[in-house]
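Here is final.cif, consisting of mmCIF, C-alpha atoms and all ligand atoms:
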data_final
#
loop_
_atom_site.label_atom_id
_atom_site.label_comp_id
_atom_site.auth_asym_id
_atom_site.auth_seq_id
_atom_site.Cartn_x
_atom_site.Cartn_y
_atom_site.Cartn_z
CA MET R 5 28.06 135.97 175.78
CA ILE R 6 24.87 137.11 177.51
CA ALA R 7 22.85 135.50 174.79
CA GLY R 8 24.83 132.34 175.46
CA ILE R 9 23.97 132.42 179.15
CA ILE R 10 20.31 132.96 178.43
CA LYS R 11 20.31 130.12 175.94
CA LEU R 12 21.91 127.86 178.52
CA LEU R 13 19.34 128.90 181.09
CA LEU R 14 16.54 128.12 178.70
CA ALA R 15 18.13 124.82 177.90
CA THR R 16 17.80 123.72 181.53
CA SER R 17 14.34 122.57 182.46
CA PRO R 18 12.08 125.37 183.73
CA CYS R 19 11.41 123.75 187.10
CA SER R 20 15.11 123.19 187.66
CA ALA R 21 16.66 124.62 190.78
CA PHE R 22 19.47 125.95 188.67
CA TYR R 23 17.45 129.06 187.99
CA LEU R 24 17.38 130.74 191.34
CA PRO R 25 14.11 131.80 192.94
CA ASN R 26 15.11 135.41 192.71
CA LEU R 27 12.88 137.29 195.14
CA ARG R 28 12.85 134.79 197.92
CA HIS R 29 16.59 134.55 197.83
CA ALA R 30 17.03 138.31 197.95
CA ASN R 31 14.82 138.50 201.05
CA ILE R 32 16.87 135.89 202.84
CA ALA R 33 19.99 137.75 201.82
CA ILE R 34 18.86 141.03 203.32
CA ALA R 35 17.64 139.39 206.50
CA ARG R 36 20.96 137.65 206.92
CA SER R 37 23.08 140.69 206.38
CA PHE R 38 21.09 142.66 208.95
CA SER R 39 21.59 140.02 211.58
CA SER R 40 25.33 139.81 211.17
CA THR R 41 27.64 142.69 210.60
CA VAL R 42 29.35 141.84 207.38
CA SER R 43 31.90 144.33 206.29
CA PHE R 44 32.74 144.56 202.66
CA SER R 45 36.07 146.19 202.25
CA TYR R 46 35.87 146.40 198.55
CA VAL R 47 38.74 145.99 196.19
CA THR R 48 40.78 149.00 195.35
CA HIS R 49 40.47 150.27 191.86
CA ASP R 50 44.08 149.31 191.18
CA VAL R 51 43.43 145.65 191.64
CA CYS R 52 40.52 145.78 189.30
CA THR R 53 42.44 147.59 186.60
CA ARG R 54 45.08 144.93 186.84
CA LEU R 55 42.52 142.15 186.58
CA CYS R 56 39.95 143.64 184.31
CA SER R 57 42.23 144.94 181.60
CA GLN R 58 44.35 142.84 179.32
CA SER R 59 47.66 144.38 180.29
CA ASP R 60 50.99 142.85 179.34
CA ASP R 61 51.99 141.92 182.85
CA ASN R 62 48.88 140.03 183.84
CA ASP R 63 50.64 136.72 183.48
CA ASP R 64 50.40 136.33 187.21
CA VAL R 65 46.62 136.52 187.20
CA ALA R 66 45.92 134.73 183.94
CA ALA R 67 45.26 131.01 183.90
CA GLN R 68 47.45 128.53 182.06
CA ASP R 69 46.64 127.90 178.41
CA VAL R 70 44.81 124.59 178.14
CA ARG R 71 46.99 123.25 175.30
CA LEU R 72 50.11 124.04 177.28
CA PHE R 73 48.52 122.30 180.25
CA LEU R 74 47.99 119.23 178.07
CA THR R 75 51.65 119.28 177.10
CA GLN R 76 52.71 119.58 180.72
CA ARG R 77 50.60 116.61 181.78
CA SER R 78 51.92 114.56 178.85
CA ILE R 79 55.51 115.14 179.93
CA GLN R 80 54.65 114.31 183.52
CA SER R 81 52.75 111.16 182.57
CA PHE R 82 55.60 110.07 180.35
CA MET R 83 58.05 110.62 183.19
CA PHE R 84 55.82 108.47 185.35
CA LEU R 85 55.93 105.70 182.72
CA LEU R 86 59.72 105.94 182.59
CA ALA R 87 59.96 105.82 186.36
CA SER R 88 57.77 102.73 186.49
CA THR R 89 60.19 100.98 184.13
CA ARG R 90 63.00 102.22 186.36
CA ASP R 91 64.43 104.44 183.66
CA LEU R 92 65.09 107.24 186.10
CA HIS R 93 68.01 108.60 184.14
CA THR R 94 65.85 109.70 181.27
CA VAL R 95 63.50 111.27 183.81
CA TRP R 96 66.46 113.17 185.16
CA TRP R 97 67.48 114.27 181.66
CA LEU R 98 63.95 115.47 180.86
CA ASP R 99 63.68 117.34 184.11
CA ASN R 100 66.93 119.12 183.32
CA PHE R 101 65.68 119.98 179.88
CA VAL R 102 62.25 121.26 180.98
CA GLN R 103 63.49 123.30 183.94
CA PRO R 104 60.04 123.14 185.49
CA ILE R 105 58.54 125.72 187.80
CA THR R 106 57.24 123.74 190.73
CA ILE R 107 56.13 126.11 193.46
CA ASN R 108 55.53 124.57 196.89
CA ASN R 109 56.49 121.11 195.76
CA TYR R 110 56.79 119.54 199.17
CA TRP R 111 56.98 115.93 198.05
CA GLU R 112 60.59 115.57 199.06
CA ASP R 113 59.61 116.09 202.69
CA ASP R 114 56.55 113.93 202.64
CA VAL R 115 56.50 111.50 199.74
CA ASP R 116 53.64 109.38 201.07
CA SER R 117 51.15 112.18 201.04
CA LYS R 118 51.62 112.97 197.39
CA PRO R 119 49.10 111.50 194.99
CA GLY R 120 50.55 108.81 192.80
CA ALA R 121 53.68 108.47 194.87
CA ALA R 122 52.72 105.56 197.08
CA GLY R 123 54.44 102.31 196.27
CA THR R 124 55.96 103.58 193.07
CA PHE R 125 59.30 104.85 194.14
CA ARG R 126 61.97 103.55 196.38
CA GLU R 127 63.42 105.72 199.04
CA ASN R 128 66.59 106.46 197.11
CA ASP R 129 64.62 107.51 194.05
CA LYS R 130 64.60 110.89 195.70
CA ARG R 131 68.15 111.17 194.52
CA ILE R 132 66.89 111.45 191.00
CA GLY R 133 65.91 114.99 191.94
CA SER R 134 63.07 115.23 189.45
CA LYS R 135 61.01 118.21 190.37
CA LEU R 136 58.38 117.65 187.73
CA LEU R 137 57.66 113.97 188.23
CA ASN R 138 55.67 114.32 191.42
CA TYR R 139 54.36 117.81 190.99
CA HIS R 140 50.57 118.05 191.19
CA GLY R 141 49.83 121.56 190.07
CA LEU R 142 49.31 123.93 187.14
CA SER R 143 51.75 126.06 185.15
CA ALA R 144 54.87 123.93 185.57
CA LEU R 145 56.16 124.93 182.15
CA ASN R 146 58.09 128.19 182.01
CA THR R 147 56.29 130.23 179.36
CA THR R 148 59.48 132.17 178.64
CA ILE R 149 61.17 128.96 177.50
CA PHE R 150 58.03 127.28 176.13
CA PRO R 151 55.57 129.99 175.09
CA ALA R 152 53.19 127.75 173.14
CA TRP R 153 51.95 124.19 173.50
CA ASP R 154 54.33 122.91 170.80
CA SER R 155 57.45 124.83 171.87
CA PHE R 156 58.51 121.95 174.08
CA PHE R 157 58.45 119.50 171.16
CA MET R 158 60.19 121.92 168.79
CA SER R 159 63.09 122.54 171.11
CA LEU R 160 63.21 118.87 172.10
CA LEU R 161 63.83 118.05 168.44
CA GLU R 162 66.69 120.54 168.40
CA GLN R 163 68.46 118.77 171.23
CA PRO R 164 71.44 116.61 170.27
CA ASP R 165 71.38 112.91 171.10
CA ALA R 166 73.04 112.30 174.42
CA VAL R 167 74.83 109.53 176.19
CA LEU R 168 74.54 109.47 179.94
CA LYS R 169 77.57 107.85 181.52
CA ILE R 170 76.30 106.34 184.71
CA SER R 171 78.65 105.28 187.44
CA THR R 172 77.75 104.05 190.88
CA PRO R 173 79.66 105.90 193.59
CA LYS R 174 82.24 103.83 195.45
CA ASP R 175 80.44 103.97 198.77
CA VAL R 176 77.38 102.25 197.28
CA GLY R 177 79.62 99.38 196.28
CA GLN R 178 81.01 98.14 192.97
CA ARG R 179 78.76 95.79 191.09
CA ALA R 180 78.84 94.16 187.70
CA TYR R 181 76.86 97.02 186.19
CA SER R 182 78.34 99.86 188.15
CA LYS R 183 79.33 101.65 184.96
CA PHE R 184 76.97 101.85 182.02
CA ASP R 185 75.64 104.21 179.34
CA ILE R 186 72.12 105.42 178.72
CA GLU R 187 71.29 106.73 175.27
CA ILE R 188 68.91 109.64 175.03
CA GLU R 189 67.35 110.18 171.63
CA PRO R 190 65.17 113.30 171.65
CA ALA R 191 63.36 112.34 168.44
CA ARG R 192 62.23 109.05 169.96
CA LEU R 193 61.22 110.74 173.18
CA CYS R 194 59.22 113.19 171.10
CA THR R 195 57.20 110.41 169.43
CA ARG R 196 56.43 108.73 172.68
CA ILE R 197 55.37 111.93 174.45
CA LEU R 198 53.16 112.85 171.50
CA SER R 199 51.39 109.51 171.81
CA VAL R 200 50.82 110.10 175.49
CA ARG R 201 49.50 113.55 174.64
CA GLU R 202 46.99 112.05 172.22
CA GLN R 203 45.81 109.55 174.77
CA ILE R 204 45.37 112.20 177.45
CA ALA R 205 43.57 114.48 174.99
CA ARG R 206 41.12 111.66 174.27
CA GLU R 207 40.49 111.13 177.95
CA MET R 208 40.15 114.83 178.67
CA SER R 209 37.63 115.20 175.89
CA GLY R 210 35.44 112.71 177.76
CA ASP R 211 36.16 114.44 181.05
CA LEU R 212 35.13 117.79 179.63
CA LYS R 213 31.88 116.32 178.38
CA ALA R 214 31.17 115.31 181.96
CA ILE R 215 32.29 118.68 183.35
CA ALA R 216 29.87 120.45 181.01
CA ASN R 217 27.02 118.97 183.07
CA MET R 218 28.51 119.44 186.50
CA GLY R 219 27.36 123.03 187.04
CA GLN R 220 23.78 121.81 186.92
CA MET R 221 24.53 118.94 189.29
CA ILE R 222 26.18 121.26 191.79
CA PHE R 223 23.15 123.48 191.90
CA ASN R 224 20.69 120.63 192.24
CA SER R 225 22.77 119.19 195.03
CA TYR R 226 23.11 122.56 196.74
CA TRP R 227 19.36 123.14 196.86
CA GLN R 228 18.69 119.60 197.98
CA ASN R 229 21.17 120.04 200.83
CA ALA R 230 19.71 123.41 201.78
CA LYS R 231 16.28 121.75 201.98
CA ASP R 232 17.61 118.85 204.04
CA ARG R 233 19.31 121.21 206.45
CA LYS R 234 16.04 123.06 207.00
CA ASN R 235 14.15 119.80 207.61
CA THR R 236 16.78 118.58 210.03
CA LYS R 237 16.51 121.78 211.98
CA GLN R 238 12.72 121.52 212.25
CA THR R 239 12.75 117.96 213.49
CA GLY R 240 15.44 118.97 215.95
CA THR R 241 13.31 121.66 217.59
CA SER R 242 10.31 119.36 217.87
CA GLY R 243 12.38 117.08 220.05
CA VAL R 244 12.82 114.24 217.58
CA SER R 245 16.33 112.89 217.40
CA ALA R 246 17.97 113.58 214.07
CA GLY R 247 20.45 110.78 214.60
CA LYS R 248 20.03 109.16 211.24
CA ASN R 249 20.93 112.45 209.62
CA LYS R 250 24.16 112.70 211.52
CA GLU R 251 26.32 112.99 208.47
CA GLU R 252 24.41 116.10 207.47
CA SER R 253 25.14 117.97 210.66
CA SER R 254 28.34 119.48 209.37
CA PRO R 255 27.49 122.17 206.86
CA TYR R 256 28.59 121.56 203.31
CA GLY R 257 27.56 123.09 200.06
CA PHE R 258 26.99 120.25 197.64
CA ASP R 259 27.95 116.73 196.67
CA ARG R 260 31.13 117.08 194.71
CA PRO R 261 30.62 115.83 191.17
CA GLY R 262 34.35 116.07 190.51
CA THR R 263 35.21 113.69 193.31
CA MET R 264 32.44 111.29 192.37
CA TYR R 265 33.61 111.32 188.80
CA ILE R 266 37.19 110.36 189.51
CA ASN R 267 36.11 107.66 191.92
CA PHE R 268 33.82 106.10 189.32
CA ASP R 269 36.07 106.62 186.40
CA PRO R 270 34.06 105.60 183.34
CA THR R 271 37.20 104.70 181.41
CA ASP R 272 38.01 101.99 183.94
CA ASP R 273 35.78 99.70 181.90
CA ASP R 274 37.35 100.64 178.60
CA GLU R 275 39.46 98.24 176.65
CA PHE R 276 42.26 100.78 176.77
CA ALA R 277 44.33 101.07 179.88
CA PRO R 278 43.97 104.55 181.35
CA SER R 279 46.91 106.89 181.02
CA PRO R 280 49.17 107.18 184.02
CA LEU R 281 48.22 109.99 186.39
CA ARG R 282 44.65 109.69 185.13
CA LYS R 283 43.00 111.00 188.28
CA GLY R 284 45.54 113.74 188.72
CA ASN R 285 44.88 114.87 185.16
CA PHE R 286 41.18 115.15 185.80
CA ASP R 287 41.63 116.99 189.06
CA LEU R 288 43.95 119.56 187.54
CA LEU R 289 41.80 119.98 184.45
CA TYR R 290 38.82 120.64 186.72
CA ASN R 291 40.85 123.15 188.69
CA LEU R 292 42.12 124.88 185.56
CA ILE R 293 38.70 125.20 183.95
CA THR R 294 37.25 126.67 187.14
CA GLN R 295 40.08 129.18 187.31
CA THR R 296 39.78 130.06 183.63
CA ALA R 297 36.04 130.68 183.97
CA VAL R 298 36.68 133.06 186.87
CA VAL R 299 39.52 134.88 185.12
CA GLN R 300 37.41 135.35 181.98
CA MET R 301 34.67 136.91 184.09
CA LEU R 302 37.15 139.30 185.66
CA GLN R 303 38.91 140.29 182.47
CA ASN R 304 35.76 141.35 180.71
CA GLU R 305 34.14 144.58 181.88
CA GLU R 306 30.69 143.01 181.58
CA GLY R 307 31.95 139.65 182.75
CA VAL R 308 29.58 139.26 185.68
CA VAL R 309 25.88 139.56 184.94
CA VAL R 310 23.71 138.75 187.94
CA GLY R 311 20.85 141.00 186.89
CA GLU R 312 19.81 144.09 184.97
CA ASP R 313 21.31 146.53 187.45
CA GLU R 314 24.67 147.56 186.06
CA ILE R 315 25.98 148.85 189.39
CA GLN R 316 25.11 145.60 191.07
CA ASN R 317 26.88 143.64 188.33
CA ARG R 318 29.94 145.79 188.78
CA ALA R 319 29.88 145.38 192.55
CA SER R 320 29.54 141.63 192.12
CA GLN R 321 32.54 141.60 189.81
CA LEU R 322 34.60 143.53 192.34
CA PHE R 323 33.54 141.11 195.04
CA LEU R 324 34.62 138.21 192.85
CA SER R 325 38.01 139.73 192.05
CA LYS R 326 38.72 140.16 195.75
CA PHE R 327 37.50 136.66 196.52
CA TYR R 328 39.65 135.22 193.73
CA LEU R 329 42.81 137.13 194.62
CA GLU R 330 42.53 135.96 198.22
CA ARG R 331 42.43 132.34 197.08
CA ARG R 332 44.70 132.42 194.07
CA ILE R 333 47.75 131.20 195.95
CA THR R 334 45.96 128.58 198.04
CA HIS R 335 43.79 127.14 195.27
CA PHE R 336 45.48 127.63 191.92
CA ILE R 337 49.21 128.33 192.21
CA GLY R 338 51.86 125.70 192.67
CA SER R 339 51.46 122.25 194.16
CA GLN R 340 47.86 121.59 195.24
CA TRP R 341 45.73 119.06 197.05
CA TYR R 342 42.90 117.35 195.23
CA GLY R 343 39.49 119.01 194.96
CA LYS R 344 40.54 122.65 194.93
CA GLY R 345 38.21 123.51 192.05
CA ASP R 346 35.20 122.37 194.08
CA ASP R 347 36.61 124.03 197.20
CA PHE R 348 36.62 127.37 195.46
CA ILE R 349 33.00 127.08 194.28
CA GLU R 350 31.82 125.75 197.62
CA GLU R 351 33.46 128.56 199.56
CA LEU R 352 31.83 131.07 197.25
CA ILE R 353 28.38 129.47 197.42
CA MET R 354 28.52 129.32 201.20
CA SER R 355 29.67 132.89 201.78
CA SER R 356 27.20 135.36 203.19
CA PRO R 357 25.51 137.90 200.99
CA ILE R 358 26.78 141.39 201.49
CA MET R 359 24.91 144.65 201.63
CA MET R 360 26.48 147.85 200.51
CA SER R 361 25.28 151.32 199.68
CA ARG R 362 24.90 152.26 196.07
CA ASN R 363 27.61 154.87 196.34
CA GLU R 364 30.03 152.18 197.38
CA GLY R 365 29.00 150.18 194.35
CA ARG R 366 29.93 152.98 192.01
CA LEU R 367 33.60 152.36 192.50
CA GLY R 368 36.11 154.32 190.60
CA ARG R 369 33.78 157.25 190.03
CA LYS R 370 34.92 160.47 191.57
CA ASP R 371 31.68 162.45 191.44
CA GLY R 372 31.02 162.04 195.14
CA ILE R 373 27.84 161.08 196.95
CA ASP R 374 24.80 161.27 194.77
CA LEU R 375 21.72 162.05 196.84
CA GLU R 376 19.37 160.51 194.29
CA ILE R 377 21.32 157.29 194.53
CA SER R 378 21.53 157.42 198.32
CA ARG R 379 17.77 157.26 198.49
CA MET R 380 17.59 154.08 196.46
CA PRO R 381 17.52 150.71 198.20
CA PRO R 382 20.97 149.30 199.12
CA LEU R 383 22.80 146.87 196.88
CA VAL R 384 23.01 143.23 197.77
CA VAL R 385 25.97 141.25 196.46
CA GLU R 386 25.00 137.59 196.42
CA PRO R 387 28.00 135.25 196.17
CA MET R 388 25.54 132.49 195.37
CA ARG R 389 24.48 134.16 192.16
CA ILE R 390 28.11 134.83 191.23
CA ALA R 391 28.86 131.14 191.69
CA GLU R 392 25.96 130.37 189.39
CA GLN R 393 27.53 132.57 186.72
CA ILE R 394 30.90 130.87 187.10
CA LEU R 395 29.34 127.44 186.72
CA LEU R 396 27.38 128.47 183.64
CA ARG R 397 30.51 129.83 182.07
CA ARG R 398 32.47 126.75 183.02
CA ASP R 399 29.88 124.46 181.45
CA LYS R 400 30.17 126.43 178.23
CA LEU R 401 33.96 126.52 178.37
CA ALA R 402 34.02 122.74 178.80
CA LEU R 403 32.33 122.33 175.43
CA GLU R 404 34.88 124.65 173.80
CA TRP R 405 37.78 122.75 175.33
CA MET R 406 36.26 119.47 174.21
CA GLY R 407 36.74 120.70 170.65
CA ILE R 408 40.37 121.61 171.38
CA MET R 409 41.04 118.14 172.79
CA GLN R 410 39.43 116.37 169.88
CA PHE R 411 41.54 118.41 167.51
CA ALA R 412 44.82 117.72 169.33
CA PRO R 413 45.99 114.73 167.22
CA SER R 414 45.64 116.65 163.95
CA GLU R 415 47.63 119.49 165.46
CA HIS R 416 50.50 117.05 165.95
CA THR R 417 51.05 116.57 162.23
CA ASP R 418 53.69 119.27 161.85
CA ILE R 419 55.74 118.05 164.77
CA ARG R 420 55.56 114.49 163.54
CA LYS R 421 56.96 115.62 160.18
CA LEU R 422 59.84 117.45 161.88
CA GLN R 423 60.47 114.46 164.05
CA LEU R 424 60.63 112.12 161.03
CA SER R 425 63.13 114.28 159.21
CA ARG R 426 65.18 114.39 162.39
CA LEU R 427 65.14 110.60 162.63
CA THR R 428 66.08 110.10 158.99
CA GLY R 429 68.37 113.09 158.56
CA VAL R 430 71.85 113.72 159.83
CA ALA R 431 71.81 114.04 163.59
CA PRO R 432 73.85 116.66 165.40
CA ALA R 433 76.92 115.40 167.23
CA LYS R 434 76.26 113.39 170.36
CA VAL R 435 76.98 114.88 173.74
CA ILE R 436 78.35 112.90 176.62
CA MET R 437 77.10 113.58 180.11
CA GLU R 438 78.44 112.16 183.32
CA ASP R 439 76.13 111.25 186.10
CA GLU R 440 76.53 109.68 189.49
CA PHE R 441 73.76 107.40 190.47
CA GLN R 442 72.84 103.79 190.31
C1 LIG G 1 61.82 131.11 183.04
O1 LIG G 1 62.87 131.10 182.11
C2 LIG G 1 63.60 132.31 182.00
C3 LIG G 1 64.59 132.15 180.87
O2 LIG G 1 65.39 131.02 181.02
C4 LIG G 1 64.27 132.61 183.33
O3 LIG G 1 64.99 133.82 183.27
C5 LIG G 1 63.19 132.70 184.41
O4 LIG G 1 63.79 132.86 185.67
C6 LIG G 1 62.34 131.44 184.43
N1 LIG G 1 61.22 131.65 185.33
C7 LIG G 1 61.08 130.95 186.46
C8 LIG G 1 59.92 131.32 187.29
O5 LIG G 1 61.82 130.05 186.76
#
Kindly return the structure encoded in the file as structure tokens.
Amino acid sequence: MIAGIIKLLLATSPCSAFYLPNLRHANIAIARSFSSTVSFSYVTHDVCTRLCSQSDDNDDVAAQDVRLFLTQRSIQSFMFLLASTRDLHTVWWLDNFVQPITINNYWEDDVDSKPGAAGTFRENDKRIGSKLLNYHGLSALNTTIFPAWDSFFMSLLEQPDAVLKISTPKDVGQRAYSKFDIEIEPARLCTRILSVREQIAREMSGDLKAIANMGQMIFNSYWQNAKDRKNTKQTGTSGVSAGKNKEESSPYGFDRPGTMYINFDPTDDDEFAPSPLRKGNFDLLYNLITQTAVVQMLQNEEGVVVGEDEIQNRASQLFLSKFYLERRITHFIGSQWYGKGDDFIEELIMSSPIMMSRNEGRLGRKDGIDLEISRMPPLVVEPMRIAEQILLRRDKLALEWMGIMQFAPSEHTDIRKLQLSRLTGVAPAKVIMEDEFQ
């Protein structure tokens, strides 16, 4: 791992801003933490044990498996396709089958504000009651029901064919088609969702290639902005109006490569039409990979390496676990707004460095105050350097995930075989379901 980081560092050009000017930065850090009273109420040891060890019940802190995420987005994109052909009944059936977990899914209150919703659905589409269709968030699949990426397809193939008996309620008015049947054939649904999954995997492979370079871009942009801010300040004090730099007056960390990327989607020019929910897929992938990078750094005892000082590394890791836990709900759980992955990094980059005594840094040790250690210079936890580590890890992770995405179609072989034998074999008895909508 460490060797990997060093290799990556060497791979970036030597004059690149990605490698932080160590000493200068540390001086600024100390000066800043003297001028403001920053209190670092460090994480209790309990929290760290929960995060740093691979216990059984760390489901709540772990990030979603990327293959499972791909399955989730395939189902959602397929639902979107169905909805756009007005086949809302199949959407309803799928939603019932998946039993999604959609925390904070507020779309029913405020449809317009949800990405992808505008202009697609009529007002009374709400009656379809699909929770999954408009959910923009991670971990919608219940891992008890669908533990692995292919569990959904396996159990879909075990479902009997179904006939939905649709009847329009009397108060809506009788029409020529007020009673009709919809056939649901799980094996056919399976084929179509697998195709969507392959398309999304292809797109995500390209996305991940782009993400693998975004850590570098973020750092270049951050240092450029820091320089610009300094220049603006100087011209300001010398009485020159900084009017043309107005847009730089509000502090921000960096130009967001994620946002730029989805606005200039390279696949727009492709001969293939992009998959539905294309931008949502990218945004969530970006969020998930950021979260996974952080979680990996917390789960490994030597996950955060900001320097040679082991105590400082440990203190940095504790800082990160606190920072992450505080933002887990707002940035990674349930329905989310766009750009949360960049939000997280930006908030970390922009937070103030923190000074703490070495005894504080030796958390979890019960041997009391060590006088030798008390005489040593205080520790400085630099969020900036932690962010750098996250981005390096994320860049590397992106390359790993690219491999997973490229391999996705060959992983479908087994399911396709099952699905064929289902289509050609004897099907289980049909079930009839009654439903009451148009
Ligand atoms: C996931 O599924 C299991 C089994 O059906 C159920 O008991 C559990 O409540 C579900 N979890 C959530 C969060 O809905």
Handout entry: Nearby residues, ligand LIG 1 (chain G), 9 Å, all atoms listed in the file, as a PyMOL selection string
Key = chain R and resi 103-107+145-150
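Among the candidate residues R:Leu329, R:Leu427, R:Ile353, R:Ile266, the one lying nearest to Gln393 in chain R is R:Ile353, with distances computed using all atoms listed in the file.
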note - CA of Leu74 in chain R and CA of Thr428 in chain R are separated by 27.8 Å
*For the atom pair CA of Val70 in chain R and CA of Met264 in chain R, what is the interatomic distance in Å to one decimal place?*
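Those two atoms sit 23.1 Å apart.
Ranking R:Ala433, R:Met359, R:Met218, R:Ile188 by their shortest atom-to-atom distance to Ala166 in chain R, with only C-alpha atoms included, puts R:Ile188 first.
CA of His335 in chain R is positioned 24.7 Å from CA of Glu306 in chain R.
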Of R:Ala191, R:Leu92, R:Ala144, R:Ile390, the one nearest to Gly429 in chain R when counting all atoms listed in the file is R:Ala191
### Task
Determine the nearest neighbour of Tyr139 in chain R from the options R:Val309, R:Ala230, R:Ile337, R:Leu212, counting only C-alpha atoms.
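The answer is R:Ile337, which sits nearest to Tyr139 in chain R.
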12 Å contact set for Glu415 in chain R, only C-alpha atoms, chain neighbours under 2 positions out, as a list of chain:residue names: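 The filter keeps R:Arg71, R:Trp153, R:Asp154, R:Leu198, R:Arg201, R:Glu202, R:Ala205, R:Ile408, R:Met409, R:Gln410, R:Phe411, R:Ala412, R:Pro413, R:Thr417, R:Asp418, R:Ile419, R:Arg420, R:Lys421.
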